[in-house]
Amino acid sequence: MDLNTSGIIGQSTTLAEVFKVLGKVAPTDSTVLVTGESGTGKELLVRALHANSKRADKPFVPINCGAIPKELLESELFGHEKGAFTHAIRSRPGRFELADGGTIFLDEIGEMDLSLQVKILRVLQEKEIERVGGTGSKKVDVRVVAATNRDLEREVAEGRFREDLYYRLNVIPLHLPPLRERGGDVLLLAEHFLEADCKKKERPPLTLSPDTRRILSAYSWPGNVRELENFMERLSILVDGDTVMPSDLPAKILDEVGDLAALPEPEPPLEVPLISSAPAEAAAPAGAPAASAPAAPGEFVWPTLAVLEARGMNLKDFLDTVEGRLIDEALTRAEGVKNQAAEYLGIKRTTLIEKLKKRGA
């Protein structure tokens, strides 16, 4: 099936696995539990899940269970009848009723109070809700998708989350990897956000110096995509020149990565940006190709002009970069034996030596 990924585009192996599961589970009504650290883009993934489901033309209703006081959360979820509590001057439907026929997204469900977890379990089992202050039940047809940044198995073991609810939610687990495990996607996202922020602020585009690229690739990004997105916006405001230099980066990042000379060269990816923590409809840059699922391992992905523009490269620079990476990989696989490396590349040994001389290798 062709996935509508709502602005999520990626190439890393870990994300390819996520998309593989997404493609299988989206057309079903199975309950899904999305896990991952804060800032990894869990809501975007859930929106993509809904967009590819049979309920795509029905409501998508999100609610952050950790952002609403527990004494109000029950009313938000299930609605209330007039006079159910102080200030309940009229009857009001809850999120489950609003999502009838569609998908309800219970974000940060690990923050939910135990007493309310029992009622969520009843909805999953009986497919019906009861408003606060109500005397009868109402059937609802909703697909429940939940997300958390907590380790729910540990929460269950420590008595803070109901075991029966955990197993009801965890029918299909989807884990979003942290940014530090997504390799070259860090620079893809960094350049995408920087370009978008510069356009928004009507300033000339900024580029990342080679050393800056190495530092950003080596940093752990504990706040994940959200942290990277906010940091790129800061750079678009504070950097005076046209290139972001290591001196423009905060001590927090420089201190963590350590000695610049010891940092490895980042691998330049051949795709367009990945998950944004912005709303799905704003995730892809204007004029960008339509979102598509990542290529399977070993499958060739055609680069686009956007790749060159995002890196400030011309065609020759780009082709030289690609050629250099393939030569380095062949030499590594051949353990430095040039005859063998040339054979892997399908060229003559003398041609390989000439190319290495041009690179000064």
# chains A, B, ... in the order shown; residues from 1 in each chain; ligands from 1
$ closest_atom_pairs --of "stretch 146-223 of chain A" --to "stretch 38-43 of chain A" --cutoff "8 Å" --atoms "only C-alpha atoms" --output "Markdown table"
| residue | atom | partner | partner_atom | distance |
| --- | --- | --- | --- | --- |
| A:Ala147 | CA | A:Lys42 | CA | 7.0 |
| A:Asn149 | CA | A:Ser38 | CA | 6.0 |
| A:Leu176 | CA | A:Thr40 | CA | 6.6 |
| A:Pro177 | CA | A:Thr40 | CA | 7.2 |
| A:Pro178 | CA | A:Thr40 | CA | 6.0 |
| A:Leu179 | CA | A:Thr40 | CA | 6.9 |
| A:Gly223 | CA | A:Gly39 | CA | 5.8 |
$ write_last_selection --atoms "N, CA, C and O atoms" --output "PDB file, in the first residue's frame"
ATOM      1  N   ALA A 147      -0.195   7.037  23.489  1.00  0.00           N
ATOM      2  CA  ALA A 147       1.246   7.285  23.399  1.00  0.00           C
ATOM      3  C   ALA A 147       1.784   7.646  24.775  1.00  0.00           C
ATOM      4  O   ALA A 147       1.052   8.188  25.622  1.00  0.00           O
ATOM      5  N   ASN A 149       5.822   8.558  26.932  1.00  0.00           N
ATOM      6  CA  ASN A 149       7.287   8.559  26.975  1.00  0.00           C
ATOM      7  C   ASN A 149       7.785   7.781  28.191  1.00  0.00           C
ATOM      8  O   ASN A 149       8.982   7.748  28.466  1.00  0.00           O
ATOM      9  N   LEU A 176       9.078   4.916  18.442  1.00  0.00           N
ATOM     10  CA  LEU A 176       9.789   5.921  17.657  1.00  0.00           C
ATOM     11  C   LEU A 176      11.189   6.095  18.225  1.00  0.00           C
ATOM     12  O   LEU A 176      11.340   6.423  19.408  1.00  0.00           O
ATOM     13  N   PRO A 177      12.219   5.908  17.410  1.00  0.00           N
ATOM     14  CA  PRO A 177      13.586   6.014  17.923  1.00  0.00           C
ATOM     15  C   PRO A 177      13.945   7.461  18.253  1.00  0.00           C
ATOM     16  O   PRO A 177      13.436   8.395  17.629  1.00  0.00           O
ATOM     17  N   PRO A 178      14.824   7.663  19.222  1.00  0.00           N
ATOM     18  CA  PRO A 178      15.291   9.021  19.513  1.00  0.00           C
ATOM     19  C   PRO A 178      16.166   9.531  18.365  1.00  0.00           C
ATOM     20  O   PRO A 178      16.695   8.743  17.570  1.00  0.00           O
ATOM     21  N   LEU A 179      16.320  10.838  18.282  1.00  0.00           N
ATOM     22  CA  LEU A 179      17.052  11.447  17.179  1.00  0.00           C
ATOM     23  C   LEU A 179      18.499  10.953  17.113  1.00  0.00           C
ATOM     24  O   LEU A 179      19.055  10.792  16.025  1.00  0.00           O
ATOM     25  N   GLY A 223      16.476  16.454  23.776  1.00  0.00           N
ATOM     26  CA  GLY A 223      15.106  16.888  23.517  1.00  0.00           C
ATOM     27  C   GLY A 223      14.598  16.469  22.157  1.00  0.00           C
ATOM     28  O   GLY A 223      13.507  16.855  21.737  1.00  0.00           O
TER      29      GLY A 223
END
$ residues_around --residues "stretch 72-74 of chain A" --least-positions-apart "5" --cutoff "8 Å" --atoms "only C-alpha atoms" --output "list of chain:residue names"
A:Cys65, A:Gly79, A:Leu116, A:Val132
$ write_last_selection --atoms "N, CA, C and O atoms" --output "compact mmCIF listing (two decimals), in the first residue's frame"
# COMPACT_ATOMS: atom_id res chain seq x y z
N CYS A 65 -3.30 13.66 28.12
CA CYS A 65 -3.75 13.24 29.44
C CYS A 65 -2.90 13.84 30.57
O CYS A 65 -3.34 13.86 31.73
N GLY A 79 -17.37 13.54 28.80
CA GLY A 79 -18.44 14.52 28.82
C GLY A 79 -19.14 14.56 30.16
O GLY A 79 -18.84 13.79 31.08
N LEU A 116 -9.07 6.55 36.78
CA LEU A 116 -9.57 6.82 35.44
C LEU A 116 -9.16 5.72 34.46
O LEU A 116 -9.86 5.46 33.48
N VAL A 132 -20.12 12.05 32.97
CA VAL A 132 -20.09 12.37 34.39
C VAL A 132 -21.47 12.92 34.78
O VAL A 132 -22.01 13.82 34.14
$ closest_residue --among "A:Lys338, A:Gly324, A:Arg168, A:Lys200" --to "A:Lys358" --atoms "only C-alpha atoms"
A:Gly324
$ closest_residue --among "A:Cys198, A:Val123, A:Leu15, A:Val322" --to "A:Phe78" --atoms "only C-alpha atoms"
A:Val123
$ closest_residue --among "A:Thr31, A:Thr103, A:Ser209, A:Gln117" --to "A:Asp141" --atoms "only C-alpha atoms"
A:Thr103
$ residues_around --residues "A:Glu97" --least-positions-apart "2" --cutoff "12 Å" --atoms "only C-alpha atoms" --output "ChimeraX atom specification"
/A:59-61,75-80,92-95,99-104,123,127-131,137-143
$ write_last_selection --atoms "N, CA and C atoms" --output "mmCIF file, in the first residue's frame"
data_model
loop_
_atom_site.group_PDB
_atom_site.id
_atom_site.type_symbol
_atom_site.label_atom_id
_atom_site.label_comp_id
_atom_site.auth_asym_id
_atom_site.auth_seq_id
_atom_site.Cartn_x
_atom_site.Cartn_y
_atom_site.Cartn_z
ATOM 1 N N PRO A 59 -13.489 11.945 12.354
ATOM 2 C CA PRO A 59 -12.703 12.819 13.240
ATOM 3 C C PRO A 59 -11.437 12.173 13.785
ATOM 4 N N PHE A 60 -10.400 13.003 13.932
ATOM 5 C CA PHE A 60 -9.195 12.635 14.682
ATOM 6 C C PHE A 60 -9.172 13.557 15.888
ATOM 7 N N VAL A 61 -9.299 12.981 17.083
ATOM 8 C CA VAL A 61 -9.442 13.794 18.296
ATOM 9 C C VAL A 61 -8.304 13.482 19.272
ATOM 10 N N SER A 75 -14.235 14.413 32.754
ATOM 11 C CA SER A 75 -15.246 15.169 32.030
ATOM 12 C C SER A 75 -14.800 15.449 30.597
ATOM 13 N N GLU A 76 -13.507 15.744 30.408
ATOM 14 C CA GLU A 76 -12.977 15.994 29.066
ATOM 15 C C GLU A 76 -13.113 14.749 28.185
ATOM 16 N N LEU A 77 -12.863 13.594 28.775
ATOM 17 C CA LEU A 77 -12.899 12.350 28.005
ATOM 18 C C LEU A 77 -14.330 11.878 27.730
ATOM 19 N N PHE A 78 -15.169 11.896 28.759
ATOM 20 C CA PHE A 78 -16.485 11.259 28.647
ATOM 21 C C PHE A 78 -17.654 12.245 28.600
ATOM 22 N N GLY A 79 -17.368 13.536 28.803
ATOM 23 C CA GLY A 79 -18.436 14.522 28.817
ATOM 24 C C GLY A 79 -19.143 14.561 30.160
ATOM 25 N N HIS A 80 -20.099 15.468 30.326
ATOM 26 C CA HIS A 80 -20.845 15.559 31.578
ATOM 27 C C HIS A 80 -22.265 16.041 31.309
ATOM 28 N N ARG A 92 -22.464 18.498 28.083
ATOM 29 C CA ARG A 92 -21.354 18.660 27.137
ATOM 30 C C ARG A 92 -20.793 17.300 26.753
ATOM 31 N N PRO A 93 -20.636 17.042 25.446
ATOM 32 C CA PRO A 93 -20.038 15.756 25.036
ATOM 33 C C PRO A 93 -18.538 15.750 25.322
ATOM 34 N N GLY A 94 -17.988 14.562 25.543
ATOM 35 C CA GLY A 94 -16.557 14.429 25.762
ATOM 36 C C GLY A 94 -15.828 14.064 24.484
ATOM 37 N N ARG A 95 -14.519 13.866 24.609
ATOM 38 C CA ARG A 95 -13.691 13.586 23.434
ATOM 39 C C ARG A 95 -14.059 12.264 22.761
ATOM 40 N N ALA A 99 -15.147 11.867 18.871
ATOM 41 C CA ALA A 99 -14.350 11.010 17.980
ATOM 42 C C ALA A 99 -15.153 9.855 17.399
ATOM 43 N N ASP A 100 -16.435 9.801 17.678
ATOM 44 C CA ASP A 100 -17.248 8.662 17.233
ATOM 45 C C ASP A 100 -17.095 8.432 15.722
ATOM 46 N N GLY A 101 -16.743 7.215 15.360
ATOM 47 C CA GLY A 101 -16.506 6.869 13.957
ATOM 48 C C GLY A 101 -15.065 7.055 13.530
ATOM 49 N N GLY A 102 -14.289 7.786 14.342
ATOM 50 C CA GLY A 102 -12.905 8.087 13.979
ATOM 51 C C GLY A 102 -11.893 7.536 14.964
ATOM 52 N N THR A 103 -10.880 8.344 15.255
ATOM 53 C CA THR A 103 -9.759 7.922 16.102
ATOM 54 C C THR A 103 -9.599 8.892 17.261
ATOM 55 N N ILE A 104 -9.418 8.360 18.462
ATOM 56 C CA ILE A 104 -9.062 9.197 19.601
ATOM 57 C C ILE A 104 -7.619 8.899 19.980
ATOM 58 N N VAL A 123 -14.143 1.261 28.377
ATOM 59 C CA VAL A 123 -14.445 1.722 27.016
ATOM 60 C C VAL A 123 -13.864 0.747 25.997
ATOM 61 N N LYS A 127 -16.942 -0.822 24.535
ATOM 62 C CA LYS A 127 -17.223 0.143 23.455
ATOM 63 C C LYS A 127 -18.357 1.093 23.830
ATOM 64 N N GLU A 128 -18.393 1.513 25.093
ATOM 65 C CA GLU A 128 -19.408 2.448 25.529
ATOM 66 C C GLU A 128 -18.854 3.362 26.614
ATOM 67 N N ILE A 129 -19.439 4.558 26.717
ATOM 68 C CA ILE A 129 -18.996 5.535 27.714
ATOM 69 C C ILE A 129 -20.203 5.989 28.536
ATOM 70 N N GLU A 130 -19.904 6.578 29.687
ATOM 71 C CA GLU A 130 -20.949 7.159 30.525
ATOM 72 C C GLU A 130 -20.515 8.550 30.932
ATOM 73 N N ARG A 131 -21.324 9.560 30.620
ATOM 74 C CA ARG A 131 -20.983 10.920 30.989
ATOM 75 C C ARG A 131 -20.945 11.097 32.513
ATOM 76 N N SER A 137 -25.517 4.546 29.646
ATOM 77 C CA SER A 137 -24.329 4.399 28.814
ATOM 78 C C SER A 137 -24.635 4.740 27.361
ATOM 79 N N LYS A 138 -23.598 5.083 26.637
ATOM 80 C CA LYS A 138 -23.757 5.388 25.219
ATOM 81 C C LYS A 138 -22.677 4.655 24.429
ATOM 82 N N LYS A 139 -23.091 3.966 23.381
ATOM 83 C CA LYS A 139 -22.146 3.236 22.540
ATOM 84 C C LYS A 139 -21.312 4.220 21.709
ATOM 85 N N VAL A 140 -20.023 3.943 21.602
ATOM 86 C CA VAL A 140 -19.154 4.758 20.749
ATOM 87 C C VAL A 140 -18.299 3.833 19.885
ATOM 88 N N ASP A 141 -18.095 4.235 18.651
ATOM 89 C CA ASP A 141 -17.255 3.467 17.724
ATOM 90 C C ASP A 141 -15.989 4.276 17.470
ATOM 91 N N VAL A 142 -14.964 4.007 18.251
ATOM 92 C CA VAL A 142 -13.710 4.756 18.113
ATOM 93 C C VAL A 142 -12.532 3.796 18.075
ATOM 94 N N ARG A 143 -11.505 4.220 17.366
ATOM 95 C CA ARG A 143 -10.232 3.508 17.435
ATOM 96 C C ARG A 143 -9.366 4.250 18.442
#
$ select_by_dssp --residues "stretch 67-237 of chain A" --states "strand (DSSP E)" --output "NGL selection string"
:A and (103-107 or 128-129 or 138-139 or 143-148 or 172-175 or 207-208)
$ residues_around --residues "A:Ala218" --least-positions-apart "2" --cutoff "8 Å" --atoms "only C-alpha atoms" --output "list of chain:residue names"
A:Arg214, A:Ile215, A:Leu216, A:Ser220, A:Val257, A:Leu263
$ write_last_selection --atoms "all heavy atoms" --output "compact mmCIF listing (two decimals), in the first residue's frame"
# COMPACT_ATOMS: atom_id res chain seq x y z
N ARG A 214 29.67 18.40 11.86
CA ARG A 214 30.23 17.29 12.66
C ARG A 214 29.77 17.39 14.11
O ARG A 214 29.44 16.38 14.73
CB ARG A 214 31.75 17.32 12.58
CG ARG A 214 32.29 16.92 11.21
CD ARG A 214 33.75 17.33 11.05
NE ARG A 214 34.63 16.61 11.95
CZ ARG A 214 35.88 16.99 12.22
NH1 ARG A 214 36.36 18.10 11.67
NH2 ARG A 214 36.62 16.29 13.04
N ILE A 215 29.74 18.61 14.63
CA ILE A 215 29.32 18.81 16.03
C ILE A 215 27.84 18.47 16.20
O ILE A 215 27.46 17.74 17.13
CB ILE A 215 29.58 20.27 16.46
CG1 ILE A 215 31.10 20.52 16.53
CG2 ILE A 215 28.94 20.55 17.82
CD1 ILE A 215 31.47 21.98 16.67
N LEU A 216 27.00 18.97 15.30
CA LEU A 216 25.57 18.70 15.42
C LEU A 216 25.27 17.21 15.29
O LEU A 216 24.37 16.68 15.94
CB LEU A 216 24.79 19.49 14.35
CG LEU A 216 24.84 21.02 14.45
CD1 LEU A 216 24.01 21.65 13.35
CD2 LEU A 216 24.37 21.49 15.81
N SER A 220 23.97 14.64 21.37
CA SER A 220 22.97 13.59 21.67
C SER A 220 21.52 14.04 21.53
O SER A 220 20.62 13.21 21.51
CB SER A 220 23.18 13.07 23.10
OG SER A 220 22.93 14.10 24.05
N VAL A 257 30.27 17.28 23.11
CA VAL A 257 30.92 16.55 22.02
C VAL A 257 32.43 16.46 22.19
O VAL A 257 33.08 15.56 21.64
CB VAL A 257 30.58 17.18 20.64
CG1 VAL A 257 29.09 17.20 20.42
CG2 VAL A 257 31.15 18.60 20.52
N LEU A 263 36.13 14.09 16.26
CA LEU A 263 34.78 13.76 15.81
C LEU A 263 34.81 13.16 14.40
O LEU A 263 35.54 13.63 13.54
CB LEU A 263 33.89 15.01 15.80
CG LEU A 263 33.63 15.68 17.14
CD1 LEU A 263 32.73 16.90 16.95
CD2 LEU A 263 33.00 14.70 18.12
$ atom_distance --atom1 "atom CA of A:Gly183" --atom2 "atom CA of A:Thr13"
9.4 Å
$ select_by_dssp --residues "stretch 94-156 of chain A" --states "helix (DSSP H, G or I)" --output "list in words"
Arg95, Phe96, Glu97, Leu98, Ile109, Gly110, Glu111, Leu114, Ser115, Leu116, Gln117, Val118, Lys119, Ile120, Leu121, Arg122, Val123, Leu124, Gln125, Glu126, Leu152, Glu153, Arg154, Glu155 and Val156 of chain A
$ closest_residue --among "A:Glu163, A:Asp151, A:Glu81, A:Asp29" --to "A:Leu114" --atoms "only C-alpha atoms"
A:Glu163
$ atom_distance --atom1 "atom CA of A:Leu188" --atom2 "atom CA of A:Lys24"
26.9 Å
$ closest_residue --among "A:Gly346, A:Pro266, A:Gly110, A:Pro27" --to "A:Asn64" --atoms "only C-alpha atoms"
A:Gly110
$ residues_around --residues "A:Trp221" --least-positions-apart "5" --cutoff "8 Å" --atoms "only C-alpha atoms" --output "list in words"
Leu179, Arg180, Glu227 and Leu228 of chain A
$ atom_distance --atom1 "atom CA of A:Gly36" --atom2 "atom CA of A:Phe96"
24.3 Å
